[in-house]
$ cat protein29.txt   # compact mmCIF, C-alpha atoms
# COMPACT_ATOMS: atom_id res chain seq x y z
CA MET K 1 117.80 39.52 98.42
CA ARG K 2 119.98 36.48 99.08
CA VAL K 3 119.60 34.01 96.22
CA SER K 4 120.67 31.15 98.45
CA GLY K 5 117.88 31.95 100.87
CA ASN K 6 115.13 32.52 98.32
CA LYS K 7 113.26 29.36 97.35
CA LEU K 8 111.51 30.92 94.34
CA GLY K 9 114.78 32.29 92.97
CA ARG K 10 116.50 28.93 93.35
CA GLU K 11 113.64 27.02 91.73
CA ALA K 12 113.58 29.48 88.83
CA LEU K 13 117.26 28.87 88.09
CA VAL K 14 116.66 25.12 88.12
CA GLN K 15 113.76 25.56 85.67
CA LEU K 16 115.90 27.77 83.45
CA SER K 17 118.78 25.29 83.36
CA ARG K 18 116.41 22.49 82.33
CA ARG K 19 115.18 24.48 79.35
CA LEU K 20 118.54 25.57 77.98
CA PRO K 21 119.71 23.91 74.75
CA PRO K 22 122.15 20.99 75.05
CA GLY K 23 125.57 22.10 76.20
CA TRP K 24 124.38 25.35 77.77
CA ARG K 25 124.58 25.93 81.49
CA VAL K 26 123.64 28.50 84.13
CA GLY K 27 126.43 30.22 86.03
CA GLU K 28 126.43 31.22 89.68
CA PRO K 29 123.99 34.03 90.53
CA VAL K 30 125.39 37.35 91.71
CA VAL K 31 123.29 39.60 93.95
CA THR K 32 123.01 43.16 92.64
CA ALA K 33 121.53 46.39 93.93
CA ARG K 34 121.52 48.08 90.53
CA GLY K 35 118.60 48.70 88.21
CA LEU K 36 115.54 46.49 88.48
CA ALA K 37 117.31 43.20 89.13
CA ASP K 38 117.50 41.16 92.32
CA PHE K 39 120.44 39.24 90.93
CA THR K 40 122.29 38.55 87.69
CA VAL K 41 123.29 35.24 86.22
CA GLU K 42 125.51 34.18 83.34
CA LEU K 43 124.18 31.87 80.64
CA ILE K 44 127.13 29.98 79.19
CA ALA K 45 127.12 28.55 75.65
CA PRO K 46 128.92 25.32 74.69
CA SER K 47 131.59 27.48 73.02
CA GLY K 48 132.32 29.15 76.33
CA ASP K 49 130.74 32.45 75.27
CA ARG K 50 128.83 34.05 78.10
CA GLY K 51 125.86 36.36 78.32
CA VAL K 52 124.45 38.03 81.41
CA THR K 53 120.74 38.27 82.21
CA SER K 54 119.25 40.28 85.05
CA VAL K 55 116.64 38.45 87.12
CA GLN K 56 113.82 39.97 89.12
CA VAL K 57 111.83 37.71 91.46
CA LYS K 58 108.15 38.47 92.11
CA ALA K 59 106.07 36.19 94.31
CA ARG K 60 103.01 37.41 92.41
CA LEU K 61 102.68 39.60 89.33
CA ASP K 62 99.51 40.66 87.53
CA PRO K 63 99.09 42.91 84.46
CA LYS K 64 98.67 46.03 86.58
CA GLY K 65 101.91 45.15 88.34
CA VAL K 66 103.69 44.84 84.99
CA ARG K 67 102.67 48.34 84.00
CA SER K 68 103.83 49.85 87.26
CA LEU K 69 106.97 47.71 87.54
CA VAL K 70 108.52 47.29 84.17
CA LEU K 71 110.82 49.84 82.59
CA PRO K 72 112.49 49.44 79.20
CA SER K 73 115.21 46.80 79.10
CA SER K 74 117.80 49.56 78.74
CA ALA K 75 117.07 50.51 82.35
CA VAL K 76 118.67 47.24 83.38
CA SER K 77 122.42 47.64 83.35
CA ASP K 78 123.31 43.96 83.33
CA GLY K 79 121.76 42.36 80.28
CA PRO K 80 118.14 41.64 79.35
CA LEU K 81 115.61 41.42 82.15
CA LEU K 82 114.02 38.10 83.11
CA VAL K 83 111.04 38.26 85.49
CA VAL K 84 110.39 35.07 87.44
CA SER K 85 107.30 34.20 89.45
CA ARG K 86 105.35 31.25 90.75
CA TYR K 87 102.74 31.71 88.00
CA LEU K 88 102.21 34.33 85.27
CA SER K 89 98.82 34.61 83.54
CA GLU K 90 98.53 34.90 79.76
CA ALA K 91 97.61 38.59 80.08
CA THR K 92 100.69 39.20 82.22
CA ARG K 93 102.92 37.32 79.79
CA ALA K 94 101.49 39.26 76.85
CA LEU K 95 102.34 42.58 78.48
CA LEU K 96 105.86 41.36 79.26
CA ARG K 97 106.31 40.29 75.62
CA GLU K 98 105.11 43.70 74.43
CA ARG K 99 107.86 45.29 76.51
CA ASP K 100 110.49 42.80 75.31
CA ILE K 101 110.88 41.41 78.83
CA GLY K 102 111.72 37.76 79.40
CA TYR K 103 109.75 35.68 81.88
CA LEU K 104 109.76 32.34 83.64
CA ASP K 105 107.18 30.78 85.92
CA LEU K 106 107.33 27.52 87.81
CA THR K 107 104.62 25.90 85.66
CA GLY K 108 106.86 26.10 82.57
CA ASN K 109 105.82 29.35 80.87
CA VAL K 110 109.22 30.61 79.74
CA ARG K 111 110.52 33.23 77.31
CA CYS K 112 114.23 33.99 77.43
CA VAL K 113 115.97 35.83 74.58
CA MET K 114 119.62 36.84 74.37
CA SER K 115 121.46 38.29 71.37
CA THR K 116 125.05 37.50 72.44
CA PRO K 117 125.51 34.60 72.56
CA GLY K 118 122.38 33.88 70.54
CA LEU K 119 119.65 32.22 72.60
CA TYR K 120 115.89 31.92 72.18
CA ILE K 121 113.70 29.86 74.50
CA GLU K 122 109.89 29.95 74.53
CA THR K 123 107.84 27.21 76.14
CA ALA K 124 104.24 26.95 77.33
CA GLY K 125 103.24 25.84 80.80
CA ALA K 126 99.93 26.03 82.63
CA SER K 127 97.16 28.22 81.21
CA GLU K 128 95.60 28.63 84.67
CA ASP K 129 97.14 29.10 88.08
CA PRO K 130 97.29 25.59 89.58
CA ASP K 131 97.31 26.98 93.12
CA ARG K 132 94.70 29.68 92.63
CA LYS K 133 92.32 30.14 95.52
CA GLU K 134 88.82 30.94 94.37
CA ARG K 135 87.91 34.58 94.80
CA PRO K 136 84.84 36.53 93.71
CA ALA K 137 84.95 38.16 90.26
CA ARG K 138 88.03 36.26 89.11
CA SER K 139 86.56 36.07 85.59
CA LEU K 140 83.95 37.81 83.47
CA ARG K 141 81.75 34.76 83.08
CA GLY K 142 78.14 35.24 84.08
CA ASP K 143 75.24 37.55 83.32
CA LYS K 144 76.06 40.22 85.90
CA ALA K 145 79.67 40.51 84.76
CA GLY K 146 78.50 40.78 81.16
CA ARG K 147 76.22 43.69 82.01
CA VAL K 148 79.07 45.51 83.75
CA VAL K 149 81.38 44.93 80.77
CA ARG K 150 78.79 46.24 78.31
CA ALA K 151 78.17 49.36 80.39
CA LEU K 152 81.90 50.09 80.67
CA CYS K 153 82.36 49.70 76.92
CA ASP K 154 79.27 51.61 75.83
CA THR K 155 79.56 54.60 78.17
CA ARG K 156 81.96 57.41 77.22
CA GLU K 157 81.49 59.26 80.50
CA LEU K 158 83.16 56.97 83.02
CA PRO K 159 80.62 56.05 85.73
CA GLY K 160 81.25 55.65 89.44
CA VAL K 161 80.50 52.42 91.27
CA ARG K 162 76.96 53.37 92.30
CA GLU K 163 76.12 54.79 88.89
CA LEU K 164 77.44 51.63 87.24
CA ALA K 165 75.41 49.51 89.65
CA ALA K 166 72.27 51.44 88.76
CA LEU K 167 72.97 51.12 85.03
CA THR K 168 73.43 47.35 85.26
CA ASP K 169 70.97 46.46 88.04
CA VAL K 170 73.62 44.73 90.15
CA THR K 171 74.83 45.56 93.65
CA PRO K 172 77.57 48.16 94.23
CA GLY K 173 79.57 45.51 96.07
CA TYR K 174 79.59 43.26 93.02
CA VAL K 175 80.54 46.16 90.73
CA SER K 176 83.40 47.03 93.06
CA ARG K 177 84.72 43.46 92.95
CA VAL K 178 84.54 43.38 89.16
CA LEU K 179 86.38 46.70 88.91
CA THR K 180 89.07 45.46 91.29
CA HIS K 181 89.56 42.42 89.07
CA LEU K 182 89.66 44.54 85.90
CA ASP K 183 92.11 46.95 87.52
CA SER K 184 94.45 44.10 88.46
CA GLU K 185 94.28 42.85 84.86
CA ALA K 186 95.09 46.36 83.51
CA LEU K 187 91.76 46.47 81.64
CA VAL K 188 90.71 49.62 83.52
CA THR K 189 92.71 52.25 85.36
CA ARG K 190 91.53 53.67 88.67
CA VAL K 191 92.81 56.65 90.62
CA GLY K 192 92.20 58.14 94.04
CA ARG K 193 89.50 56.23 95.87
CA GLY K 194 88.87 53.88 93.01
CA GLN K 195 87.45 56.41 90.54
CA LEU K 196 87.70 55.15 86.97
CA ALA K 197 90.29 57.02 84.90
CA SER K 198 90.21 54.93 81.72
CA VAL K 199 88.78 51.77 80.17
CA ASP K 200 90.69 49.73 77.60
CA TRP K 201 87.45 48.65 75.98
CA PRO K 202 88.96 46.66 73.04
CA ALA K 203 90.99 44.54 75.48
CA LEU K 204 87.97 44.32 77.80
CA LEU K 205 85.75 42.98 75.00
CA ARG K 206 88.38 40.39 74.09
CA ARG K 207 88.70 39.27 77.70
CA TRP K 208 84.91 39.03 78.07
CA ALA K 209 84.72 36.89 74.93
CA GLN K 210 87.51 34.69 76.26
CA ASP K 211 85.92 34.24 79.69
CA ALA K 212 82.33 33.97 78.47
CA PRO K 213 82.19 32.61 74.90
CA LEU K 214 78.97 32.85 72.93
CA GLU K 215 77.76 29.33 73.72
CA SER K 216 78.07 30.01 77.47
CA ARG K 217 75.70 32.98 77.22
CA GLY K 218 72.77 31.29 75.59
CA ASN K 219 71.18 28.17 74.12
CA VAL K 220 72.10 27.86 70.43
CA SER K 221 69.80 26.22 67.85
CA SER K 222 70.73 25.67 64.18
CA PHE K 223 68.41 26.34 61.25
CA LEU K 224 68.43 26.61 57.48
CA ASP K 225 66.88 29.37 55.41
CA PRO K 226 67.00 27.94 51.87
CA ARG K 227 66.23 31.35 50.37
CA GLY K 228 69.41 32.87 51.82
CA LEU K 229 70.26 35.63 54.24
CA PRO K 230 68.96 38.61 52.20
CA ALA K 231 65.52 36.99 52.22
CA LEU K 232 65.79 36.43 55.97
CA LEU K 233 66.60 40.10 56.55
CA ALA K 234 63.58 41.06 54.45
CA ARG K 235 61.28 38.94 56.66
CA LEU K 236 62.70 40.03 60.03
CA PRO K 237 60.63 43.27 60.28
CA ARG K 238 57.51 41.09 60.41
CA ALA K 239 58.77 39.02 63.36
CA LYS K 240 56.64 39.39 66.50
CA GLU K 241 59.23 37.72 68.77
CA ARG K 242 61.78 40.07 70.37
CA TYR K 243 65.11 39.70 68.58
CA ALA K 244 68.47 41.37 67.90
CA VAL K 245 70.68 40.47 64.97
CA THR K 246 74.30 39.91 65.97
CA GLY K 247 77.34 38.27 64.34
CA GLY K 248 78.48 38.96 60.80
CA LEU K 249 75.13 40.35 59.59
CA ALA K 250 75.22 43.04 62.28
CA ALA K 251 78.91 43.78 61.70
CA ALA K 252 78.37 44.12 57.94
CA ALA K 253 75.77 46.82 58.61
CA LEU K 254 78.54 48.91 60.23
CA ALA K 255 81.97 47.89 58.99
CA PRO K 256 83.33 47.00 55.54
CA ILE K 257 83.56 43.22 55.92
CA ALA K 258 82.91 40.40 53.46
CA PRO K 259 79.26 39.36 53.05
CA PRO K 260 78.53 36.90 55.87
CA ARG K 261 77.33 33.37 55.25
CA LEU K 262 75.89 32.81 58.72
CA ALA K 263 73.15 34.73 60.52
CA VAL K 264 73.24 34.81 64.33
CA ILE K 265 70.16 36.23 66.06
CA TRP K 266 69.36 36.63 69.74
CA VAL K 267 65.72 35.62 70.36
CA ARG K 268 63.57 35.07 73.42
CA ASP K 269 62.03 31.85 72.06
CA ALA K 270 63.89 30.02 69.29
CA ALA K 271 61.02 27.70 68.34
CA GLU K 272 58.56 30.57 68.05
CA ALA K 273 61.01 32.75 66.12
CA ALA K 274 61.84 29.90 63.73
CA ALA K 275 58.15 29.38 63.00
CA GLN K 276 57.59 33.10 62.37
CA LEU K 277 60.64 33.29 60.07
CA ASP K 278 59.88 30.00 58.28
CA LEU K 279 63.23 28.42 59.18
CA ARG K 280 63.96 24.70 59.01
CA PRO K 281 65.86 22.86 61.77
CA ALA K 282 69.27 21.78 60.48
CA SER K 283 71.92 19.62 62.11
CA SER K 284 74.30 20.34 59.21
CA GLY K 285 74.47 23.00 56.53
CA ALA K 286 72.84 25.58 58.79
CA ASN K 287 73.01 29.24 57.80
CA VAL K 288 71.04 30.63 60.76
CA LEU K 289 71.77 30.33 64.49
CA LEU K 290 69.03 31.38 66.90
CA VAL K 291 70.35 31.98 70.41
CA GLU K 292 68.14 32.17 73.51
CA PRO K 293 70.09 34.36 75.96
CA THR K 294 70.57 33.62 79.63
CA ASP K 295 70.09 37.36 80.25
CA ASP K 296 68.12 40.07 78.46
CA GLY K 297 71.19 42.32 78.57
CA VAL K 298 71.95 41.20 75.00
CA PHE K 299 69.03 43.38 73.85
CA GLU K 300 70.31 46.45 75.71
CA GLY K 301 71.34 49.20 73.29
CA ALA K 302 69.87 47.49 70.21
CA THR K 303 69.13 49.89 67.35
CA GLN K 304 66.84 49.67 64.34
CA ARG K 305 68.11 50.11 60.78
CA ASP K 306 65.93 49.49 57.74
CA GLU K 307 63.27 48.13 60.12
CA VAL K 308 65.64 45.43 61.42
CA TRP K 309 66.82 45.36 65.05
CA TYR K 310 70.58 44.97 65.50
CA ALA K 311 72.45 44.31 68.76
CA ALA K 312 74.79 47.00 70.08
CA PRO K 313 78.28 46.98 68.48
CA SER K 314 79.97 45.94 71.73
CA GLN K 315 77.64 42.94 72.00
CA VAL K 316 78.20 42.05 68.35
CA ALA K 317 81.99 42.22 68.67
CA ALA K 318 82.07 39.94 71.72
CA ASP K 319 79.70 37.48 70.03
CA LEU K 320 81.82 37.36 66.87
CA LEU K 321 85.09 36.73 68.68
CA THR K 322 83.94 33.23 69.67
CA SER K 323 81.59 32.52 66.75
CA PRO K 324 82.28 29.74 64.22
CA GLY K 325 83.88 30.23 60.82
CA ARG K 326 85.08 33.73 60.03
CA GLY K 327 83.53 35.10 63.22
CA PRO K 328 86.77 35.91 65.07
CA ALA K 329 88.27 37.70 62.04
CA GLU K 330 85.04 39.66 61.57
CA GLY K 331 85.14 40.54 65.27
CA ASP K 332 88.63 41.97 64.83
CA GLU K 333 87.50 44.01 61.83
CA LEU K 334 84.49 45.33 63.72
CA ILE K 335 86.64 46.37 66.69
CA GLN K 336 88.92 48.28 64.30
CA TRP K 337 85.86 50.12 62.97
CA MET K 338 84.66 50.80 66.51
CA GLN K 339 88.04 52.29 67.45
CA ALA K 340 87.88 54.65 64.46
CA ASN K 341 84.22 55.60 65.05
CA GLU K 342 83.68 55.79 68.81
CA GLU K 343 81.32 58.74 68.46
CA ALA K 344 78.99 56.56 66.39
CA TRP K 345 78.30 53.96 69.07
CA ARG K 346 79.52 55.05 72.53
CA ARG K 347 76.95 57.12 74.35

$ encode --input "protein29.txt" --output "structure tokens"
Amino acid sequence: MRVSGNKLGREALVQLSRRLPPGWRVGEPVVTARGLADFTVELIAPSGDRGVTSVQVKARLDPKGVRSLVLPSSAVSDGPLLVVSRYLSEATRALLRERDIGYLDLTGNVRCVMSTPGLYIETAGASEDPDRKERPARSLRGDKAGRVVRALCDTRELPGVRELAALTDVTPGYVSRVLTHLDSEALVTRVGRGQLASVDWPALLRRWAQDAPLESRGNVSSFLDPRGLPALLARLPRAKERYAVTGGLAAAALAPIAPPRLAVIWVRDAAEAAAQLDLRPASSGANVLLVEPTDDGVFEGATQRDEVWYAAPSQVAADLLTSPGRGPAEGDELIQWMQANEEAWRR
């Protein structure tokens, strides 16, 4: 590539120079055919000490591209590697950080580290692509996407597109679009004609929680049970309304976590369930959240223990990751248990 003729490369060097500490400057780029780099550039300290970084320009880079592109930094002969692009998503940046690869995008997301001379730059830019054109299945928000995520997490035998469509009651075309999105985000791996080879279900659950937080998947109402959560659990077997306990109460039934202070329960009708369970509406000091789901998929895979219905572990984990209080920490602890006990919950 000719640096002088590449707009993205030129703009990246301008961005880099603006983010250097006072007194630092960027040298002239040198085109190279070695290693992974398109060109190298010297970063010059105020003392005159110089360090070389190798720059690779990518018009677009997604997480899947990182995994297929990036080699260890030692594969680059001329200093640490810096990948530059128009925009790099958080998932892409996270994978680059894991591989100790620097990055720079034109929105201001920058990480550039050099040992000699010592240099560390990390700045945050846009969290979403400002020029993104809307495409189908660009996120996991929505009931249909949630059903596909749950099926991918809960099923040990990796299904094909049509089997997954049948499991989730969505069209094969929609499933295919979701899988294409997940593949590009390195959340699943596909081989051949798109056959699933692996599912990174912990990362998939985290992405689902990020794209579709708990409050986006149902209507939440707050209540108080003055007798406490053990008394609530004792009354639940008598409930006539369909329900599934999620959140910390459900996690505590599986994993060794601290006793929860908040009950979160999926219910079809919050007012009816509250009446049956003798709960009081509470705008503050609530210890029970009743959530009316936008989709009955939250009840899929629920199991009964001690006469109480609990949501499936994958549902519970995703719910916890965006729940209030200790919810996110409890979600992390539950996912750790799920990783160590896959045979106990994946079918």

$ atom_distance --input "protein29.txt" --atom1 "CA of Arg346 in chain K" --atom2 "CA of Arg156 in chain K"
5.8 Å

$ closest_residue --input "protein29.txt" --among "K:Thr92, K:Ser221, K:Ser176, K:Thr303" --to "Ala244 in chain K" --atoms "only C-alpha atoms"
K:Thr303

$ residues_near_point --input "protein29.txt" --point "(87.8, 40.6, 71.0)" --cutoff "8 Å" --atoms "all atoms listed in the file" --output "VMD selection string"
chain K and resid 202 to 210 317 to 318 320 to 321 328 331 to 332 335

$ residues_around --input "protein29.txt" --residues "Asp269 in chain K" --least-positions-apart "4" --cutoff "9 Å" --atoms "only C-alpha atoms" --output "number ranges by chain"
K: 241-242, 273-274, 290-292

$ residues_around --input "protein29.txt" --residues "range 228-231 of chain K" --least-positions-apart "3" --cutoff "10 Å" --atoms "all atoms listed in the file" --output "MDAnalysis selection string"
chainID K and resid 224:225 234:236 249 259:263 277 287:288

$ write_last_selection --input "protein29.txt" --atoms "C-alpha atoms" --output "short mmCIF file (atom, residue, chain, number, x, y, z; two decimals), in the coordinates of the input"
data_model
loop_
_atom_site.label_atom_id
_atom_site.label_comp_id
_atom_site.auth_asym_id
_atom_site.auth_seq_id
_atom_site.Cartn_x
_atom_site.Cartn_y
_atom_site.Cartn_z
CA LEU K 224 68.43 26.61 57.48
CA ASP K 225 66.88 29.37 55.41
CA ALA K 234 63.58 41.06 54.45
CA ARG K 235 61.28 38.94 56.66
CA LEU K 236 62.70 40.03 60.03
CA LEU K 249 75.13 40.35 59.59
CA PRO K 259 79.26 39.36 53.05
CA PRO K 260 78.53 36.90 55.87
CA ARG K 261 77.33 33.37 55.25
CA LEU K 262 75.89 32.81 58.72
CA ALA K 263 73.15 34.73 60.52
CA LEU K 277 60.64 33.29 60.07
CA ASN K 287 73.01 29.24 57.80
CA VAL K 288 71.04 30.63 60.76
#

$ atom_distance --input "protein29.txt" --atom1 "CA of Ala197 in chain K" --atom2 "CA of Arg138 in chain K"
21.3 Å

$ atom_distance --input "protein29.txt" --atom1 "CA of Val14 in chain K" --atom2 "CA of Ser127 in chain K"
20.9 Å

$ closest_residue --input "protein29.txt" --among "K:Val220, K:Leu214, K:Ile265, K:Val170" --to "Tyr243 in chain K" --atoms "all atoms listed in the file"
K:Ile265

$ residues_around --input "protein29.txt" --residues "Ala275 in chain K" --least-positions-apart "5" --cutoff "10 Å" --atoms "all atoms listed in the file" --output "list in words"
Ala239, Ala270 and Arg280 of chain K

$ closest_residue --input "protein29.txt" --among "K:Trp266, K:Phe223, K:Tyr87, K:Phe299" --to "Asp278 in chain K" --atoms "only C-alpha atoms"
K:Phe223

$ closest_residue --input "protein29.txt" --among "K:Ala166, K:Ala59, K:Leu16, K:Val191" --to "Val113 in chain K" --atoms "only C-alpha atoms"
K:Leu16

$ decode --input "protein29.txt" --residues "range 85-164 of chain K" --atoms "C-alpha atoms" --output "mmCIF file, in the first residue's frame"
data_model
loop_
_atom_site.group_PDB
_atom_site.id
_atom_site.type_symbol
_atom_site.label_atom_id
_atom_site.label_comp_id
_atom_site.auth_asym_id
_atom_site.auth_seq_id
_atom_site.Cartn_x
_atom_site.Cartn_y
_atom_site.Cartn_z
ATOM 1 C CA SER K 85 -9.695 1.191 11.107
ATOM 2 C CA ARG K 86 -12.573 3.563 10.551
ATOM 3 C CA TYR K 87 -14.410 2.108 13.565
ATOM 4 C CA LEU K 88 -13.701 -0.789 15.949
ATOM 5 C CA SER K 89 -16.502 -2.200 18.110
ATOM 6 C CA GLU K 90 -16.007 -2.912 21.813
ATOM 7 C CA ALA K 91 -15.944 -6.659 21.124
ATOM 8 C CA THR K 92 -13.261 -6.156 18.476
ATOM 9 C CA ARG K 93 -11.210 -3.941 20.780
ATOM 10 C CA ALA K 94 -11.496 -6.473 23.604
ATOM 11 C CA LEU K 95 -10.094 -9.242 21.408
ATOM 12 C CA LEU K 96 -7.244 -6.988 20.288
ATOM 13 C CA ARG K 97 -6.435 -6.175 23.931
ATOM 14 C CA GLU K 98 -6.436 -9.881 24.794
ATOM 15 C CA ARG K 99 -3.788 -10.405 22.115
ATOM 16 C CA ASP K 100 -1.748 -7.389 23.242
ATOM 17 C CA ILE K 101 -2.407 -5.624 19.944
ATOM 18 C CA GLY K 102 -2.705 -1.852 19.767
ATOM 19 C CA TYR K 103 -5.582 -0.205 17.931
ATOM 20 C CA LEU K 104 -6.797 3.137 16.683
ATOM 21 C CA ASP K 105 -10.076 4.088 15.062
ATOM 22 C CA LEU K 106 -11.167 7.418 13.654
ATOM 23 C CA THR K 107 -13.762 7.972 16.397
ATOM 24 C CA GLY K 108 -11.019 8.143 19.050
ATOM 25 C CA ASN K 109 -10.813 4.593 20.407
ATOM 26 C CA VAL K 110 -7.051 4.275 20.826
ATOM 27 C CA ARG K 111 -4.673 1.924 22.634
ATOM 28 C CA CYS K 112 -0.979 2.289 21.851
ATOM 29 C CA VAL K 113 1.684 0.778 24.120
ATOM 30 C CA MET K 114 5.450 0.852 23.628
ATOM 31 C CA SER K 115 8.130 -0.275 26.076
ATOM 32 C CA THR K 116 11.108 1.617 24.601
ATOM 33 C CA PRO K 117 10.745 4.517 24.825
ATOM 34 C CA GLY K 118 7.968 4.111 27.377
ATOM 35 C CA LEU K 119 4.565 5.093 26.008
ATOM 36 C CA TYR K 120 1.003 4.258 27.028
ATOM 37 C CA ILE K 121 -2.047 5.798 25.385
ATOM 38 C CA GLU K 122 -5.630 4.614 25.915
ATOM 39 C CA THR K 123 -8.605 6.781 25.035
ATOM 40 C CA ALA K 124 -12.299 6.091 24.451
ATOM 41 C CA GLY K 125 -14.180 7.181 21.368
ATOM 42 C CA ALA K 126 -17.602 6.216 20.046
ATOM 43 C CA SER K 127 -19.369 3.195 21.550
ATOM 44 C CA GLU K 128 -21.374 2.671 18.342
ATOM 45 C CA ASP K 129 -20.416 2.985 14.704
ATOM 46 C CA PRO K 130 -21.503 6.514 13.715
ATOM 47 C CA ASP K 131 -21.760 5.520 10.049
ATOM 48 C CA ARG K 132 -23.412 2.145 10.537
ATOM 49 C CA LYS K 133 -26.068 1.294 8.002
ATOM 50 C CA GLU K 134 -28.952 -0.590 9.548
ATOM 51 C CA ARG K 135 -28.911 -4.286 8.754
ATOM 52 C CA PRO K 136 -31.078 -7.130 10.007
ATOM 53 C CA ALA K 137 -29.901 -8.970 13.132
ATOM 54 C CA ARG K 138 -27.288 -6.383 14.065
ATOM 55 C CA SER K 139 -28.077 -6.951 17.749
ATOM 56 C CA LEU K 140 -29.683 -9.561 19.976
ATOM 57 C CA ARG K 141 -32.516 -7.325 21.122
ATOM 58 C CA GLY K 142 -35.984 -8.735 20.620
ATOM 59 C CA ASP K 143 -37.966 -11.848 21.478
ATOM 60 C CA LYS K 144 -36.943 -13.919 18.454
ATOM 61 C CA ALA K 145 -33.248 -13.249 18.978
ATOM 62 C CA GLY K 146 -33.616 -14.180 22.638
ATOM 63 C CA ARG K 147 -35.140 -17.530 21.741
ATOM 64 C CA VAL K 148 -32.274 -18.279 19.355
ATOM 65 C CA VAL K 149 -29.702 -17.340 22.001
ATOM 66 C CA ARG K 150 -31.345 -19.559 24.613
ATOM 67 C CA ALA K 151 -31.469 -22.517 22.234
ATOM 68 C CA LEU K 152 -27.796 -22.108 21.296
ATOM 69 C CA CYS K 153 -26.779 -21.956 24.947
ATOM 70 C CA ASP K 154 -28.980 -24.771 26.215
ATOM 71 C CA THR K 155 -28.335 -27.319 23.456
ATOM 72 C CA ARG K 156 -25.139 -29.388 23.630
ATOM 73 C CA GLU K 157 -25.683 -30.979 20.223
ATOM 74 C CA LEU K 158 -25.190 -28.083 17.832
ATOM 75 C CA PRO K 159 -28.336 -27.694 15.696
ATOM 76 C CA GLY K 160 -28.541 -26.787 12.031
ATOM 77 C CA VAL K 161 -30.454 -23.752 10.808
ATOM 78 C CA ARG K 162 -33.732 -25.591 10.196
ATOM 79 C CA GLU K 163 -33.519 -27.498 13.464
ATOM 80 C CA LEU K 164 -32.817 -24.262 15.326
#
